[in-house]
Amino acid sequence: MSASEDVAYVDHPLLAPSFIERRLYQIRLAGTARNGHTLVCLPTGLGKTTVSLLVTAQRLYDVGGKSLFLAPTKPLVQQHADFYREALTVPDDEIVVFTGDVRPDDRAALWEDAQIVIATPQVIENDLIGNRISLRDVTHLTFDECHRASGDYAYVYIAERYHADAENPLVTGMSASPGGDEEAILEVCENLGIVDVEVMTEEDADVSEYTHDTDVEWNRIQLPDEILEIRDALNEVITDRLEKLKQLGVTKSTKPDISQKKLNRMRAELQRLMNADKSEGYKGMSTHAEVMKLRRAVELVETQSVESVRRYFERQRNAARSSGASKASQRLVAEPKVREAMRKAESFDGLHPKFRKTRILLAETLGIQNGERVIVFTESRDTAEALTEFLSESFSVRRFVGQGDREGSDGMTQNEQQETLDKFRNGEFEVLVSTSVAEEGLDVPEVDLVLFFEPVPTAIRSIQRKGRTGRQADGRVVVLLAEDTRDEAYFWISRRREKTMQNELRDLKGAADDLEAELDPSQRDLSAFAGDDGNSAGDAGSSTGNEGVDAASEGGANEASAAGSSASNGETAAAAATDPDGQSGLADFGPSDEELARADDGDEGDEGDDRDDSDGDSPERDEADDPATVAAAGTDDEETVEIVVDQRELDSNIARTLSKREDLTTRLETLAVGDYVLSDRVAVERKSVSDFLDTLTGGDRSIFEQVADLTRHYARPLLVIEGRGLYEERNIHPGAIRGALSSVAVDFNVSVLFTEDEDDTAEMLATIATREQTDRERTVSVHGGKSAKTLDEQQEYVVSAIADIGPVTARTLLEAFGSVEAVMTANEDDLREVRGVGQVTAERIREVVGSEYR
C-alpha cells in the first residue's frame with residue numbers, strides 16, 4: 001500500500017485510535033485465534049504480534065481477567081511491552097514487564113494489579129514453582145517464537161500449568177518457523193495444548209500486497225593454499241585419532257569429514273564401555289573429545305576466519321595450562337601437527353576470502369545501489385568482532401552480540417543492545433554485524449541486504465535470518481559458501497529442511513484454504529471475531545480449553561509430565577498411603593509417636609538464632625524471596641504441605657513435578673545448605689549418581705563438607721542418591737564408595753536414601769514432607785532447628801539479613817571489610833568494589849542501614 005492511499009484502521013474500545021492498520025489477513029487470523037487454542041504461522045515482518053494483540057483486546061473486553069505474553073529474551077519482552085503500551089488504551093502501569101531484573105516479591109505485588117503481563121518464560125516458571133503467582137485468572141496466554149516449546153523449555157511446563165489452573169484458558173502460539181517437519185510442528189501443538197493451526201504465506205492473496213520479493217543467491221568462495229594447509233594439518237590429526245577409535249571397534253570410518261551422527265554413535269558406544277568399567281572406554285572418550293575439538297578448529301578455519309581459529313587455539317592453550325585441565329586439551333596442544341597449524345595461523349597475514357567478498361558486497365549495496373542498511377550474520381563471536389574491526393575501515397559498522405562474557409570477548413548488556421538497535425534504526429550507522437542474537441523476533445529495521453557469512457543447517461534459523469529483509473521493498477539475501485567445506489553441506493541441508501517445513505505447513509493448513517477468500521466489507525473491524533456477546537468469547541475459551549488439556553497431557557513433552565499427571569488427580573500423599581482395597585499403606589508401617597519421642601535426641605533449638613538462607617545476589621535464574629515476607633508453612637492452614645526448593649535445583653524436573661501437585665505447594669529460596677527443606681528439622685541434599693561420584697573424586701566441595709553443613713543446621717538431615725549404576729558408572733573401587741556412604745551415615749549421622757529417578761525423588765520428598773507437616777504437625781523453616789553457631793556464622797547471619805543479600809554475598813562482604821561494623825558503615829562506592837555487589841545491592845544496603853526506623 002503506497003503512502004498516497006488512504007489507510008484504514010481497526011476500531012475497538014481497547015485499541016488506540018488510528019494506530020492498528022486494518023489488514024485483512026491479520027483480522028482473519030485473529031478471528032480463528034479468538035475461538036480456540038491456535039498456532040499462528042506468518043512470515044517474519046508481517047505482524048504476528050498484532051494478531052495476538054487483537055485477540056488480547058477482545059478477550060479482555062469480553063471476558064476480563066488478565067493477559068500473559070511470553071517472549072524468549074529480555075529485549076523481545078521490552079519490545080513487545082512498548083508496542084502494547086502504544087497500541088492499547090489500557091493504562092501503562094497495568095501493562096507490566098517481568099524479567100529477572102524485577103525482584104520476586106515485587107513481581108508478586110505487580111501481578112495482582114496488572115491487566116497485561118509481558119515476561120520471559122523462565123521468570124514465570126520460577127514464580128509458578130515458587131507459588132508467587134496463579135494463572136487462574138489469565139484469559140489469554142501468548143507464546144511468542146513458540147517453536148521453542150519442546151523438551152524442558154519453560155514454555156512446556158507453563159502451558160501444562162495454564163491448562164490445569166486457568167478457569168477460562170485461551171492459547172495463541174506465534175512463529176514464522178514452527179518446525180522442520182510435521183512431527184516437530186505437531187509436538188509444539190501438543191506441548192502448548194493447541195488444536196488449530198492457521199498458516200499464511202507470501203502466496204496468500206491477503207498477504208501478497210504487503211510482501212516483496214527476496215532474491216537468495218550464493219557466492220562460492222575458493223580458499224587459498226595457506227588456509228588449506230592449516231586445515232590439512234588438523235585433518236591429519238583427526239584421521240590419526242579416528243584410527244585409534246577404530247582399533248577400539250567403535251568406528252569403521254577414519255575420514256576427517258565424518259558426520260556428526262556417526263560421532264554421536266561413537267560416543268554412545270564408548271559410554272557403554274565405560275559403564276562396563278572398561279579402561280578402553282575412558283581412553284576412547286578422551287580421544288573422542290580431541291576429535292570434537294579438532295573438528296571445531298577445522299570448521300572455524302574453513303568457514304569463518306583465520307583470526308577465529310587463532311583465538312580458539314589460544315583458549316585451548318590456556319585451558320591446557322589451567323588446574324584440572326583435561327588430558328584431551330593437554331594432548332591437543334602438545335601434538336606436533338596441531339602446533340604446526342597454530343604457527344601457520346599465527347603467521348598468516350592475508351585476508352580470508354570471505355572477508356574480501358563481504359567488503360565487495362557491502363560496497364555494491366551501500367555505494368553503487370545507494371542502499372542504507374546491511375546486516376551480516378555470523379556463527380562465531382570471534383568472527384563478528386574481527387569482521388567489525390575489518391569493515392570499520394570502509395563503512396560505519398557496529399557489532400551485535402549476546403550478553404554472556406567469555407575469555408577475550410565481552411558481551412553486550414541489554415541496554416547496549418537496545419541502544420545499538422535504536423542507532424541502527426535511526427541510520428546512525430550502516431552495517432550491523434550480528435551473531436544469532438538478532439535472528440529471532442527482534443524488531444530489526446528493514447535492510448537492503450542480509451549477508452550470511454556462512455549457511456546455517458536449520459530451516460528455522462534460515463527463515464528467521466532471511467526475514468530481516470523484503471518487508472517494505474524488494475530485498476536481497478546472499479550466502480557465502482567456502483568450496484568443498486561444511487558450508488556446502490549446511491547450505492543444502494538448510495534448503496531441504498526449509499522446503500520440507502513449508503510443505504508440512506501447507507499440509508497442516510488444510511481446511512483453512514476452504515475459508516472464504518475475504519471477509520464482507522462490513523466485518524473488517526474487530527466485530528469479525530467479537531461474537532454475538534461477551535459470553536460467547538468465554539464459551540469458546542472454555543470449550544477449547546478442555547481440548548487443550550487433553551492435547552497437552554497426551555503429548556507428554558515434559559519429562560516431568562508422568563509424575564505430574566498422578567499428582568494432578570488431587571490425591572494427597574496421606575490418602576494414597578492406604579490402598580483402595582483397605583490394605584495397610586506406608587504410613588501404617590512408620591514408627592509410633594511414642595517411638596519417635598524416645599528416638600528424638602532433643603537437639604532442635606530456638607529458631608530465633610537460625611541462619612537466614614536467602615541470597616538475593618544469586619546468579620541462578622532469579623533473585624530469592626525476601627525472607628521477611630515469607631511465613632512458615634502450616635501457620636495459616638494446617639492442611640498445607642510446603643517444600644522449599646533451592647533455586648539451583650531448577651535444572652532438574654523435580655521442582656516442576658512437585659509444583660503441579662494439588663496436595664502441596666513449593667517455594668523457591670537460595671538455600672545456604674541443602675537442596676530441599678521439608679520441615680524445621682528435615683533438609684535434603686540430593687545427588688545424582690554422577691554428582692555423588694564427582695564429590696568423591698574432586699570438585700569444589702566434597703560430600704563430607706556438604707553433609708557436615710546439613711548436620712549443623714538440621715536435626716534430621718538426609719542424603720538422597722538418585723539413579724542407577726552407583727558401582728558401575730565410574731572407574732572407582734566399590735570399596736571406596738561403600739566407605740564414603742558408611743562415613744556419611746555413621747560419622748555424620750545422615751540418613752542415605754536411594755531413588756530410581758527424578759520422579760521417584762519427587763514422590764519421596766512429597767511423602768516425607770507430608771509425614772512431617774501433616775502427621776507430625778511440624779512447620780517448615782529454611783533456618784533449620786539447631787541453635788549452636790560459631791562467631792563467624794553469627795556474623796554472616798547478621799550481614800546476610802541486610803536487604804536480603806544472602807549468605808554468599810555476606811561472606812564476601814565480611815572478607816572485604818573485616819567486620820560487621822565496617823560493612824554497616826561502608827559507603828556505596830566502597831560497597832560496589834566488592835565482587836558480586838552491584839549498584840542496586842549497594843543502594844539497598846545503604847537504604848536499610850541508614851534509613852530512619854518508622
# chains A, B, ... in the order shown; residues from 1 in each chain; ligands from 1
>>> select_by_dssp(residues="range 322-456 of chain A", states="helix (DSSP H, G or I)", output="MDAnalysis selection string")
chainID A and resid 327:334 336:347 353:368 381:391 414:425 436:438
>>> residues_around(residues="Val820 in chain A", least_positions_apart="5", cutoff="10 Å", atoms="only C-alpha atoms", output="number ranges by chain")
A: 795-796, 798-799, 810, 813-814, 825
>>> select_by_dssp(residues="range 122-298 of chain A", states="strand (DSSP E)", output="count of residues only")
24
>>> decode(residues="range 734-748 of chain A", atoms="N, CA, C and O atoms", output="tab-separated table (two decimals), in the first residue's frame")
chain	number	residue	atom	x	y	z
A	734	PRO	N	34.52	-50.10	44.31
A	734	PRO	CA	33.30	-50.17	45.12
A	734	PRO	C	33.55	-49.99	46.61
A	734	PRO	O	32.72	-49.42	47.32
A	735	GLY	N	34.73	-50.44	47.08
A	735	GLY	CA	35.04	-50.28	48.49
A	735	GLY	C	35.12	-48.82	48.90
A	735	GLY	O	34.72	-48.44	50.01
A	736	ALA	N	35.65	-47.98	47.99
A	736	ALA	CA	35.74	-46.55	48.28
A	736	ALA	C	34.35	-45.92	48.37
A	736	ALA	O	34.09	-45.07	49.22
A	737	ILE	N	33.46	-46.37	47.50
A	737	ILE	CA	32.09	-45.83	47.52
A	737	ILE	C	31.38	-46.25	48.80
A	737	ILE	O	30.75	-45.43	49.46
A	738	ARG	N	31.53	-47.54	49.17
A	738	ARG	CA	30.88	-48.01	50.41
A	738	ARG	C	31.47	-47.30	51.62
A	738	ARG	O	30.75	-46.98	52.58
A	739	GLY	N	32.77	-47.06	51.59
A	739	GLY	CA	33.40	-46.34	52.69
A	739	GLY	C	32.84	-44.94	52.85
A	739	GLY	O	32.59	-44.47	53.98
A	740	ALA	N	32.62	-44.23	51.73
A	740	ALA	CA	32.06	-42.89	51.78
A	740	ALA	C	30.64	-42.92	52.33
A	740	ALA	O	30.25	-42.10	53.18
A	741	LEU	N	29.83	-43.87	51.87
A	741	LEU	CA	28.45	-43.98	52.35
A	741	LEU	C	28.43	-44.30	53.84
A	741	LEU	O	27.60	-43.77	54.59
A	742	SER	N	29.34	-45.17	54.26
A	742	SER	CA	29.41	-45.53	55.69
A	742	SER	C	29.74	-44.32	56.54
A	742	SER	O	29.16	-44.10	57.60
A	743	SER	N	30.67	-43.51	56.07
A	743	SER	CA	31.07	-42.32	56.81
A	743	SER	C	29.92	-41.33	56.92
A	743	SER	O	29.68	-40.75	57.97
A	744	VAL	N	29.19	-41.14	55.80
A	744	VAL	CA	28.04	-40.22	55.82
A	744	VAL	C	27.02	-40.67	56.85
A	744	VAL	O	26.51	-39.87	57.64
A	745	ALA	N	26.74	-41.98	56.87
A	745	ALA	CA	25.70	-42.49	57.77
A	745	ALA	C	26.17	-42.57	59.22
A	745	ALA	O	25.43	-42.20	60.14
A	746	VAL	N	27.39	-43.05	59.45
A	746	VAL	CA	27.85	-43.32	60.82
A	746	VAL	C	28.53	-42.10	61.44
A	746	VAL	O	28.21	-41.68	62.55
A	747	ASP	N	29.49	-41.51	60.71
A	747	ASP	CA	30.26	-40.40	61.28
A	747	ASP	C	29.44	-39.11	61.35
A	747	ASP	O	29.62	-38.31	62.27
A	748	PHE	N	28.56	-38.90	60.37
A	748	PHE	CA	27.80	-37.65	60.32
A	748	PHE	C	26.34	-37.83	60.72
A	748	PHE	O	25.59	-36.85	60.80
